[in-house]
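K.L.:
Here you go, this is structure-v5.pdb (PDB, C-alpha atoms).
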ATOM      1  CA  MET A   1      29.062   5.577  -9.892  1.00  0.00           C
ATOM      2  CA  PRO A   2      26.575   4.991  -7.024  1.00  0.00           C
ATOM      3  CA  ASN A   3      23.958   2.368  -7.721  1.00  0.00           C
ATOM      4  CA  ALA A   4      20.277   3.147  -8.244  1.00  0.00           C
ATOM      5  CA  HIS A   5      19.270   2.020  -4.753  1.00  0.00           C
ATOM      6  CA  ASP A   6      21.818   4.287  -3.086  1.00  0.00           C
ATOM      7  CA  VAL A   7      20.629   7.301  -5.044  1.00  0.00           C
ATOM      8  CA  LEU A   8      16.938   6.637  -4.337  1.00  0.00           C
ATOM      9  CA  PHE A   9      17.440   5.956  -0.643  1.00  0.00           C
ATOM     10  CA  ARG A  10      19.660   8.973  -0.186  1.00  0.00           C
ATOM     11  CA  THR A  11      17.233  11.196  -2.092  1.00  0.00           C
ATOM     12  CA  LEU A  12      14.203  10.041  -0.114  1.00  0.00           C
ATOM     13  CA  SER A  13      15.900   9.966   3.279  1.00  0.00           C
ATOM     14  CA  ASP A  14      15.330  13.708   3.707  1.00  0.00           C
ATOM     15  CA  PRO A  15      11.867  14.241   5.274  1.00  0.00           C
ATOM     16  CA  THR A  16      11.186  17.542   3.512  1.00  0.00           C
ATOM     17  CA  ARG A  17      12.150  16.099   0.143  1.00  0.00           C
ATOM     18  CA  ARG A  18      10.083  13.011   0.815  1.00  0.00           C
ATOM     19  CA  ALA A  19       7.063  15.145   1.743  1.00  0.00           C
ATOM     20  CA  LEU A  20       7.365  17.037  -1.559  1.00  0.00           C
ATOM     21  CA  PHE A  21       7.596  13.810  -3.506  1.00  0.00           C
ATOM     22  CA  GLU A  22       4.638  12.290  -1.652  1.00  0.00           C
ATOM     23  CA  ARG A  23       2.553  15.371  -2.389  1.00  0.00           C
ATOM     24  CA  LEU A  24       3.309  15.096  -6.085  1.00  0.00           C
ATOM     25  CA  CYS A  25       2.414  11.385  -5.969  1.00  0.00           C
ATOM     26  CA  ARG A  26      -0.881  12.100  -4.248  1.00  0.00           C
ATOM     27  CA  ASP A  27      -2.004  15.313  -5.874  1.00  0.00           C
ATOM     28  CA  GLY A  28      -0.443  15.202  -9.331  1.00  0.00           C
ATOM     29  CA  GLU A  29       1.481  17.909 -11.162  1.00  0.00           C
ATOM     30  CA  GLN A  30       2.082  21.182  -9.312  1.00  0.00           C
ATOM     31  CA  THR A  31       3.988  24.430  -9.626  1.00  0.00           C
ATOM     32  CA  VAL A  32       6.910  25.322  -7.379  1.00  0.00           C
ATOM     33  CA  GLY A  33       4.729  28.081  -5.933  1.00  0.00           C
ATOM     34  CA  ALA A  34       1.926  25.696  -4.998  1.00  0.00           C
ATOM     35  CA  LEU A  35       4.398  23.294  -3.428  1.00  0.00           C
ATOM     36  CA  THR A  36       6.065  26.092  -1.469  1.00  0.00           C
ATOM     37  CA  ALA A  37       2.730  27.341  -0.156  1.00  0.00           C
ATOM     38  CA  ARG A  38       2.219  24.080   1.664  1.00  0.00           C
ATOM     39  CA  ALA A  39       5.825  23.335   2.555  1.00  0.00           C
ATOM     40  CA  LYS A  40       7.471  24.484   5.763  1.00  0.00           C
ATOM     41  CA  VAL A  41      10.515  25.801   3.949  1.00  0.00           C
ATOM     42  CA  SER A  42      11.349  28.684   1.602  1.00  0.00           C
ATOM     43  CA  GLN A  43      10.928  28.619  -2.151  1.00  0.00           C
ATOM     44  CA  PRO A  44      14.682  28.415  -2.855  1.00  0.00           C
ATOM     45  CA  ALA A  45      14.814  25.404  -0.509  1.00  0.00           C
ATOM     46  CA  VAL A  46      11.865  23.777  -2.277  1.00  0.00           C
ATOM     47  CA  SER A  47      13.538  24.391  -5.646  1.00  0.00           C
ATOM     48  CA  LYS A  48      16.758  22.854  -4.379  1.00  0.00           C
ATOM     49  CA  HIS A  49      14.945  19.742  -3.134  1.00  0.00           C
ATOM     50  CA  LEU A  50      13.093  19.444  -6.437  1.00  0.00           C
ATOM     51  CA  GLY A  51      16.435  19.629  -8.224  1.00  0.00           C
ATOM     52  CA  VAL A  52      17.736  16.690  -6.187  1.00  0.00           C
ATOM     53  CA  LEU A  53      14.533  14.716  -6.850  1.00  0.00           C
ATOM     54  CA  LYS A  54      14.890  15.481 -10.547  1.00  0.00           C
ATOM     55  CA  GLN A  55      18.491  14.265 -10.610  1.00  0.00           C
ATOM     56  CA  ALA A  56      17.325  10.980  -9.087  1.00  0.00           C
ATOM     57  CA  GLY A  57      14.673  10.715 -11.791  1.00  0.00           C
ATOM     58  CA  LEU A  58      11.869  10.927  -9.243  1.00  0.00           C
ATOM     59  CA  VAL A  59      10.289  14.063 -10.684  1.00  0.00           C
ATOM     60  CA  ARG A  60      10.048  15.700 -14.068  1.00  0.00           C
ATOM     61  CA  ASP A  61       9.757  19.425 -14.727  1.00  0.00           C
ATOM     62  CA  ARG A  62       7.815  21.211 -17.409  1.00  0.00           C
ATOM     63  CA  HIS A  63       8.107  24.912 -18.170  1.00  0.00           C
ATOM     64  CA  GLU A  64       5.029  26.895 -19.074  1.00  0.00           C
ATOM     65  CA  GLY A  65       5.456  30.638 -19.322  1.00  0.00           C
ATOM     66  CA  ARG A  66       7.207  31.730 -16.142  1.00  0.00           C
ATOM     67  CA  GLN A  67       5.975  28.748 -14.161  1.00  0.00           C
ATOM     68  CA  THR A  68       7.721  25.446 -13.669  1.00  0.00           C
ATOM     69  CA  HIS A  69       5.448  22.484 -13.097  1.00  0.00           C
ATOM     70  CA  TYR A  70       6.694  19.340 -11.393  1.00  0.00           C
ATOM     71  CA  SER A  71       5.246  15.835 -11.550  1.00  0.00           C
ATOM     72  CA  ALA A  72       6.224  12.585  -9.834  1.00  0.00           C
ATOM     73  CA  GLN A  73       7.855   9.838 -11.856  1.00  0.00           C
ATOM     74  CA  LEU A  74       6.721   6.744 -10.017  1.00  0.00           C
ATOM     75  CA  GLY A  75       8.534   4.562 -12.507  1.00  0.00           C
ATOM     76  CA  ALA A  76      11.783   5.697 -10.886  1.00  0.00           C
ATOM     77  CA  LEU A  77      10.826   3.669  -7.815  1.00  0.00           C
ATOM     78  CA  ALA A  78      10.799   0.457  -9.829  1.00  0.00           C
ATOM     79  CA  PRO A  79      14.173  -0.727  -8.487  1.00  0.00           C
ATOM     80  CA  LEU A  80      12.759  -0.582  -4.960  1.00  0.00           C
ATOM     81  CA  LEU A  81       9.240  -1.796  -5.494  1.00  0.00           C
ATOM     82  CA  ASP A  82       8.127  -5.130  -6.668  1.00  0.00           C
ATOM     83  CA  TRP A  83       4.362  -5.068  -6.451  1.00  0.00           C
ATOM     84  CA  THR A  84       3.669  -8.650  -5.527  1.00  0.00           C
ATOM     85  CA  SER A  85       6.434  -8.872  -2.964  1.00  0.00           C
ATOM     86  CA  GLN A  86       5.408  -5.521  -1.465  1.00  0.00           C
ATOM     87  CA  MET A  87       1.817  -6.675  -1.149  1.00  0.00           C
ATOM     88  CA  ALA A  88       2.967  -9.985   0.314  1.00  0.00           C
ATOM     89  CA  GLY A  89       4.976  -7.983   2.843  1.00  0.00           C
ATOM     90  CA  PHE A  90       1.889  -5.953   3.718  1.00  0.00           C
ATOM     91  CA  TRP A  91      -0.106  -9.132   4.398  1.00  0.00           C
ATOM     92  CA  GLN A  92       2.706 -10.885   6.286  1.00  0.00           C
ATOM     93  CA  ASN A  93       2.784  -7.882   8.569  1.00  0.00           C
ATOM     94  CA  ARG A  94      -1.013  -8.004   8.996  1.00  0.00           C
ATOM     95  CA  PHE A  95      -0.874 -11.725   9.751  1.00  0.00           C
ATOM     96  CA  ASP A  96       1.574 -10.941  12.564  1.00  0.00           C
ATOM     97  CA  GLN A  97      -0.820  -8.373  13.977  1.00  0.00           C
ATOM     98  CA  LEU A  98      -3.736 -10.778  13.602  1.00  0.00           C
ATOM     99  CA  GLU A  99      -1.840 -13.432  15.571  1.00  0.00           C
ATOM    100  CA  ASP A 100      -1.051 -10.910  18.285  1.00  0.00           C
ATOM    101  CA  LEU A 101      -4.728 -10.052  18.483  1.00  0.00           C
ATOM    102  CA  LEU A 102      -5.760 -13.729  18.649  1.00  0.00           C
ATOM    103  CA  LYS A 103      -3.418 -14.226  21.603  1.00  0.00           C
ATOM    104  CA  ARG A 104      -5.108 -11.346  23.416  1.00  0.00           C
ATOM    105  CA  MET A 105      -8.693 -12.373  22.588  1.00  0.00           C
ATOM    106  CA  ASP A 106     -10.918 -14.363  24.915  1.00  0.00           C
ATOM    107  CA  GLN A 107     -12.010 -17.772  23.698  1.00  0.00           C
TER     108      GLN A 107
ATOM    109  CA  MET B   1       7.339  -7.387 -18.665  1.00  0.00           C
ATOM    110  CA  SER B   2       6.222 -10.125 -20.983  1.00  0.00           C
ATOM    111  CA  ASN B   3       2.773 -10.684 -19.462  1.00  0.00           C
ATOM    112  CA  SER B   4      -0.250 -10.239 -21.688  1.00  0.00           C
ATOM    113  CA  ALA B   5      -2.562  -7.323 -20.982  1.00  0.00           C
ATOM    114  CA  THR B   6      -5.345  -9.448 -19.563  1.00  0.00           C
ATOM    115  CA  GLU B   7      -3.231 -11.569 -17.247  1.00  0.00           C
ATOM    116  CA  THR B   8      -3.722 -10.926 -13.554  1.00  0.00           C
ATOM    117  CA  LEU B   9      -1.349 -11.414 -10.660  1.00  0.00           C
ATOM    118  CA  SER B  10      -2.105 -12.604  -7.178  1.00  0.00           C
ATOM    119  CA  VAL B  11      -0.475 -12.627  -3.793  1.00  0.00           C
ATOM    120  CA  VAL B  12      -0.903 -15.586  -1.447  1.00  0.00           C
ATOM    121  CA  VAL B  13       0.023 -15.579   2.232  1.00  0.00           C
ATOM    122  CA  GLU B  14      -0.546 -18.742   4.270  1.00  0.00           C
ATOM    123  CA  ARG B  15       0.128 -19.527   7.880  1.00  0.00           C
ATOM    124  CA  GLU B  16      -0.542 -22.180  10.509  1.00  0.00           C
ATOM    125  CA  VAL B  17      -2.260 -20.407  13.372  1.00  0.00           C
ATOM    126  CA  PRO B  18      -2.600 -22.136  16.773  1.00  0.00           C
ATOM    127  CA  PHE B  19      -6.237 -21.135  17.258  1.00  0.00           C
ATOM    128  CA  PRO B  20      -9.538 -22.655  16.137  1.00  0.00           C
ATOM    129  CA  PRO B  21     -11.269 -21.333  12.996  1.00  0.00           C
ATOM    130  CA  GLU B  22     -14.156 -19.919  15.053  1.00  0.00           C
ATOM    131  CA  LYS B  23     -11.866 -17.563  16.899  1.00  0.00           C
ATOM    132  CA  ILE B  24     -10.044 -16.442  13.745  1.00  0.00           C
ATOM    133  CA  TRP B  25     -13.401 -15.915  12.061  1.00  0.00           C
ATOM    134  CA  ARG B  26     -14.318 -13.404  14.752  1.00  0.00           C
ATOM    135  CA  ALA B  27     -11.089 -11.500  14.178  1.00  0.00           C
ATOM    136  CA  LEU B  28     -11.796 -11.453  10.436  1.00  0.00           C
ATOM    137  CA  THR B  29     -15.417 -10.344  10.659  1.00  0.00           C
ATOM    138  CA  GLN B  30     -16.011  -8.147  13.722  1.00  0.00           C
ATOM    139  CA  PRO B  31     -15.240  -4.488  12.909  1.00  0.00           C
ATOM    140  CA  HIS B  32     -13.673  -3.592  16.257  1.00  0.00           C
ATOM    141  CA  LEU B  33     -11.404  -6.645  16.015  1.00  0.00           C
ATOM    142  CA  ILE B  34     -10.590  -6.087  12.326  1.00  0.00           C
ATOM    143  CA  GLU B  35      -9.490  -2.581  13.203  1.00  0.00           C
ATOM    144  CA  GLU B  36      -6.938  -3.936  15.663  1.00  0.00           C
ATOM    145  CA  TRP B  37      -4.945  -5.821  13.063  1.00  0.00           C
ATOM    146  CA  LEU B  38      -5.938  -4.377   9.679  1.00  0.00           C
ATOM    147  CA  MET B  39      -7.743  -1.042   9.365  1.00  0.00           C
ATOM    148  CA  LYS B  40     -10.752   0.976  10.434  1.00  0.00           C
ATOM    149  CA  ASN B  41     -13.838  -0.383   8.687  1.00  0.00           C
ATOM    150  CA  ASP B  42     -17.608  -0.727   8.556  1.00  0.00           C
ATOM    151  CA  PHE B  43     -17.596  -4.385   7.575  1.00  0.00           C
ATOM    152  CA  LYS B  44     -20.569  -6.725   8.005  1.00  0.00           C
ATOM    153  CA  PRO B  45     -20.421 -10.437   7.140  1.00  0.00           C
ATOM    154  CA  VAL B  46     -23.324 -10.140   4.691  1.00  0.00           C
ATOM    155  CA  VAL B  47     -23.003 -10.861   0.972  1.00  0.00           C
ATOM    156  CA  ASP B  48     -23.353  -7.673  -1.148  1.00  0.00           C
ATOM    157  CA  HIS B  49     -22.651  -5.432   1.850  1.00  0.00           C
ATOM    158  CA  ARG B  50     -20.571  -2.459   0.721  1.00  0.00           C
ATOM    159  CA  PHE B  51     -17.996  -1.152   3.133  1.00  0.00           C
ATOM    160  CA  LYS B  52     -14.745   0.753   3.390  1.00  0.00           C
ATOM    161  CA  TYR B  53     -11.365   0.146   4.884  1.00  0.00           C
ATOM    162  CA  ARG B  54      -9.907   3.460   5.956  1.00  0.00           C
ATOM    163  CA  ALA B  55      -6.305   4.551   6.397  1.00  0.00           C
ATOM    164  CA  ASP B  56      -4.631   7.888   5.884  1.00  0.00           C
ATOM    165  CA  TYR B  57      -2.036   6.515   3.498  1.00  0.00           C
ATOM    166  CA  LEU B  58      -4.556   5.149   0.986  1.00  0.00           C
ATOM    167  CA  PRO B  59      -5.575   7.080  -2.137  1.00  0.00           C
ATOM    168  CA  ASN B  60      -8.726   8.990  -1.103  1.00  0.00           C
ATOM    169  CA  GLY B  61      -8.179   7.605   2.392  1.00  0.00           C
ATOM    170  CA  ALA B  62     -10.159   4.426   1.840  1.00  0.00           C
ATOM    171  CA  LEU B  63     -10.656   1.190  -0.053  1.00  0.00           C
ATOM    172  CA  ASP B  64     -14.089   0.501  -1.540  1.00  0.00           C
ATOM    173  CA  CYS B  65     -15.105  -3.046  -0.769  1.00  0.00           C
ATOM    174  CA  GLU B  66     -18.069  -5.341  -1.258  1.00  0.00           C
ATOM    175  CA  VAL B  67     -18.629  -8.692   0.408  1.00  0.00           C
ATOM    176  CA  LEU B  68     -18.670 -11.494  -2.169  1.00  0.00           C
ATOM    177  CA  ALA B  69     -18.822 -14.682  -0.103  1.00  0.00           C
ATOM    178  CA  VAL B  70     -19.457 -15.598   3.520  1.00  0.00           C
ATOM    179  CA  GLU B  71     -19.164 -19.185   4.722  1.00  0.00           C
ATOM    180  CA  PRO B  72     -18.852 -18.891   8.501  1.00  0.00           C
ATOM    181  CA  ASN B  73     -15.587 -20.283   9.900  1.00  0.00           C
ATOM    182  CA  ARG B  74     -14.521 -21.429   6.407  1.00  0.00           C
ATOM    183  CA  LYS B  75     -14.363 -18.759   3.748  1.00  0.00           C
ATOM    184  CA  LEU B  76     -14.663 -15.001   3.398  1.00  0.00           C
ATOM    185  CA  SER B  77     -14.229 -13.008   0.224  1.00  0.00           C
ATOM    186  CA  TYR B  78     -14.518  -9.307  -0.596  1.00  0.00           C
ATOM    187  CA  THR B  79     -13.461  -6.845  -3.234  1.00  0.00           C
ATOM    188  CA  TRP B  80     -10.534  -4.590  -2.376  1.00  0.00           C
ATOM    189  CA  ASN B  81     -10.646  -1.619  -4.727  1.00  0.00           C
ATOM    190  CA  SER B  82      -9.167   1.813  -4.613  1.00  0.00           C
ATOM    191  CA  THR B  83     -10.372   4.665  -6.732  1.00  0.00           C
ATOM    192  CA  SER B  84      -8.373   7.767  -7.366  1.00  0.00           C
ATOM    193  CA  ASP B  85      -8.344  10.785  -9.646  1.00  0.00           C
ATOM    194  CA  THR B  86      -4.927   9.541 -10.664  1.00  0.00           C
ATOM    195  CA  ALA B  87      -5.290   6.513 -12.920  1.00  0.00           C
ATOM    196  CA  ALA B  88      -2.020   5.088 -11.679  1.00  0.00           C
ATOM    197  CA  PHE B  89      -3.521   4.659  -8.219  1.00  0.00           C
ATOM    198  CA  GLU B  90      -6.532   2.663  -9.361  1.00  0.00           C
ATOM    199  CA  LEU B  91      -6.682  -0.879  -8.033  1.00  0.00           C
ATOM    200  CA  LYS B  92      -9.263  -3.590  -8.467  1.00  0.00           C
ATOM    201  CA  SER B  93      -8.671  -6.809  -6.596  1.00  0.00           C
ATOM    202  CA  VAL B  94     -10.384  -9.514  -4.575  1.00  0.00           C
ATOM    203  CA  VAL B  95      -9.261 -10.740  -1.167  1.00  0.00           C
ATOM    204  CA  THR B  96     -10.262 -14.272  -0.195  1.00  0.00           C
ATOM    205  CA  TRP B  97      -9.678 -15.810   3.220  1.00  0.00           C
ATOM    206  CA  THR B  98      -9.816 -19.579   3.615  1.00  0.00           C
ATOM    207  CA  LEU B  99      -9.780 -21.282   7.019  1.00  0.00           C
ATOM    208  CA  THR B 100      -9.016 -24.994   7.236  1.00  0.00           C
ATOM    209  CA  PRO B 101      -9.008 -26.714  10.638  1.00  0.00           C
ATOM    210  CA  THR B 102      -5.860 -28.680  11.471  1.00  0.00           C
ATOM    211  CA  SER B 103      -4.861 -30.791  14.481  1.00  0.00           C
ATOM    212  CA  ALA B 104      -2.911 -27.838  15.885  1.00  0.00           C
ATOM    213  CA  GLY B 105      -5.368 -25.083  15.004  1.00  0.00           C
ATOM    214  CA  THR B 106      -6.072 -23.570  11.620  1.00  0.00           C
ATOM    215  CA  HIS B 107      -4.405 -23.259   8.266  1.00  0.00           C
ATOM    216  CA  LEU B 108      -5.148 -19.653   7.331  1.00  0.00           C
ATOM    217  CA  ARG B 109      -4.788 -18.635   3.706  1.00  0.00           C
ATOM    218  CA  MET B 110      -5.202 -15.180   2.158  1.00  0.00           C
ATOM    219  CA  GLU B 111      -5.225 -14.703  -1.575  1.00  0.00           C
ATOM    220  CA  GLN B 112      -5.421 -11.268  -3.134  1.00  0.00           C
ATOM    221  CA  SER B 113      -5.972 -11.518  -6.856  1.00  0.00           C
ATOM    222  CA  GLY B 114      -6.802  -9.397  -9.826  1.00  0.00           C
ATOM    223  CA  PHE B 115      -3.887  -7.026 -10.211  1.00  0.00           C
ATOM    224  CA  ARG B 116      -3.497  -6.420 -13.884  1.00  0.00           C
ATOM    225  CA  ALA B 117      -0.117  -7.447 -15.113  1.00  0.00           C
ATOM    226  CA  ASP B 118       0.001  -4.744 -17.764  1.00  0.00           C
ATOM    227  CA  GLN B 119       0.085  -1.953 -15.217  1.00  0.00           C
ATOM    228  CA  PRO B 120       3.578  -0.885 -14.257  1.00  0.00           C
ATOM    229  CA  GLN B 121       4.676  -2.649 -11.112  1.00  0.00           C
ATOM    230  CA  ALA B 122       6.013   0.523  -9.600  1.00  0.00           C
ATOM    231  CA  TYR B 123       2.605   2.175  -9.772  1.00  0.00           C
ATOM    232  CA  GLN B 124       0.908  -0.778  -8.187  1.00  0.00           C
ATOM    233  CA  GLY B 125       3.591  -1.150  -5.589  1.00  0.00           C
ATOM    234  CA  ALA B 126       3.413   2.512  -4.724  1.00  0.00           C
ATOM    235  CA  LYS B 127      -0.152   2.157  -3.530  1.00  0.00           C
ATOM    236  CA  PHE B 128       0.501  -0.163  -0.673  1.00  0.00           C
ATOM    237  CA  GLY B 129       4.229  -0.195  -0.729  1.00  0.00           C
ATOM    238  CA  TRP B 130       4.500   3.331   0.585  1.00  0.00           C
ATOM    239  CA  PRO B 131       3.873   2.863   4.281  1.00  0.00           C
ATOM    240  CA  GLN B 132       5.943  -0.299   4.442  1.00  0.00           C
ATOM    241  CA  PHE B 133       8.598   1.182   2.255  1.00  0.00           C
ATOM    242  CA  PHE B 134       9.027   4.251   4.388  1.00  0.00           C
ATOM    243  CA  ALA B 135       8.793   2.338   7.629  1.00  0.00           C
ATOM    244  CA  LYS B 136      11.591   0.095   6.371  1.00  0.00           C
ATOM    245  CA  LEU B 137      13.550   3.036   5.098  1.00  0.00           C
ATOM    246  CA  GLU B 138      13.373   4.676   8.510  1.00  0.00           C
ATOM    247  CA  LEU B 139      14.502   1.462  10.180  1.00  0.00           C
ATOM    248  CA  VAL B 140      17.395   1.126   7.786  1.00  0.00           C
ATOM    249  CA  LEU B 141      18.349   4.728   8.370  1.00  0.00           C
ATOM    250  CA  ALA B 142      18.058   4.408  12.142  1.00  0.00           C
ATOM    251  CA  ARG B 143      20.403   1.417  12.064  1.00  0.00           C
ATOM    252  CA  ALA B 144      22.794   3.137   9.692  1.00  0.00           C
ATOM    253  CA  ASP B 145      23.754   5.781  12.260  1.00  0.00           C
TER     254      ASP B 145
END
Please go through the file and, once you have read it, give me the structure as structure tokens.
P.N.:
Amino acid sequence: MPNAHDVLFRTLSDPTRRALFERLCRDGEQTVGALTARAKVSQPAVSKHLGVLKQAGLVRDRHEGRQTHYSAQLGALAPLLDWTSQMAGFWQNRFDQLEDLLKRMDQ
Amino acid sequence: MSNSATETLSVVVEREVPFPPEKIWRALTQPHLIEEWLMKNDFKPVVDHRFKYRADYLPNGALDCEVLAVEPNRKLSYTWNSTSDTAAFELKSVVTWTLTPTSAGTHLRMEQSGFRADQPQAYQGAKFGWPQFFAKLELVLARAD
């Protein structure tokens, strides 16, 4: 049984799959058709990627008539994301860049 | 989580920087310098001035900010809010910079406060965690080959 981190990393390591997931995060629930229209791959490929995302718990599907709607499940990222430590990481990184800038600046 | 709904979280980053407060102040308050280490912006060191930090990865591409406090070379504070059609991407926080001169330069402290503890961490983390997360992921993957 692979652990949760392995599954999430493996699932998100594919750029096409990651782009689909990011779109759902940004734009909310969408149909497979709408996702395909803006993806660079075919509808069967989009459906396959969505299936992998669903297995990892990263998206949820909802059937309405003949359409399947997908939405992102951000909660699935919980094992990877700790808000305060992520934000601290963001600022640590900015502090590094600030120090680099200070070294380059004139007195 | 066991936090109460009204409790807020904060992030503090502190560092000893081998430069005088005056120089750091310039990097914190001049838009063309801020852009070099943080983000594009239309900041002015004037209390009540409303401005935006812009970056492609942010919800709606920008943070809505307002200057709260300006004490030249000592303290700078502004709101750091993101609005989004998606409630999960809402963020209201305050960033406060404190500069304290030391014998070797400056003790620089940044506190970002106001995250509500009752919002799921993953949602909050997703907002700013994304770019770092993916950058790290790509590094990990590059090394894994």
K.L.:
Measure the distance from atom CA of A:Arg62 to atom CA of A:Ser13 in Å and round it to one decimal.
P.N.:
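Computing it gives 24.9 Å between the two atoms.
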K.L.:
Name the closest residue to chain B among the candidates A:Arg10, A:His63, A:Lys54, A:Lys48; distances are taken between atoms, counting only C-alpha atoms.
P.N.:
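Of A:Arg10, A:His63, A:Lys54, A:Lys48, the one nearest chain B is A:Arg10, counting only C-alpha atoms.
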K.L.:
Would you mind reading off the distance between atom CA of B:Thr98 and atom CA of B:Leu68, one decimal, in Å?
P.N.:
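Result for atom CA of B:Thr98 versus atom CA of B:Leu68: 13.3 Å, one decimal.
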K.L.:
Near stretch 93-99 of chain A, within 7 Å and counting all atoms listed in the file, which residues show up once chain neighbours fewer than 3 positions away are dropped, as a VMD selection string?
P.N.:
(chain A and resid 89 to 90 102 to 103) or (chain B and resid 37 to 38)
K.L.:
I'd like the interatomic distance between atom CA of A:Asp61 and atom CA of A:Arg26, to a tenth of an Å.
P.N.:
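Computed distance, atom CA of A:Asp61 to atom CA of A:Arg26, equals 16.6 Å.
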K.L.:
Give as a VMD selection string each residue that has an atom at most 9 Å from (-12.3, -6.6, 11.9) in the file, counting all atoms listed in the file.
P.N.:
chain B and resid 26 to 43
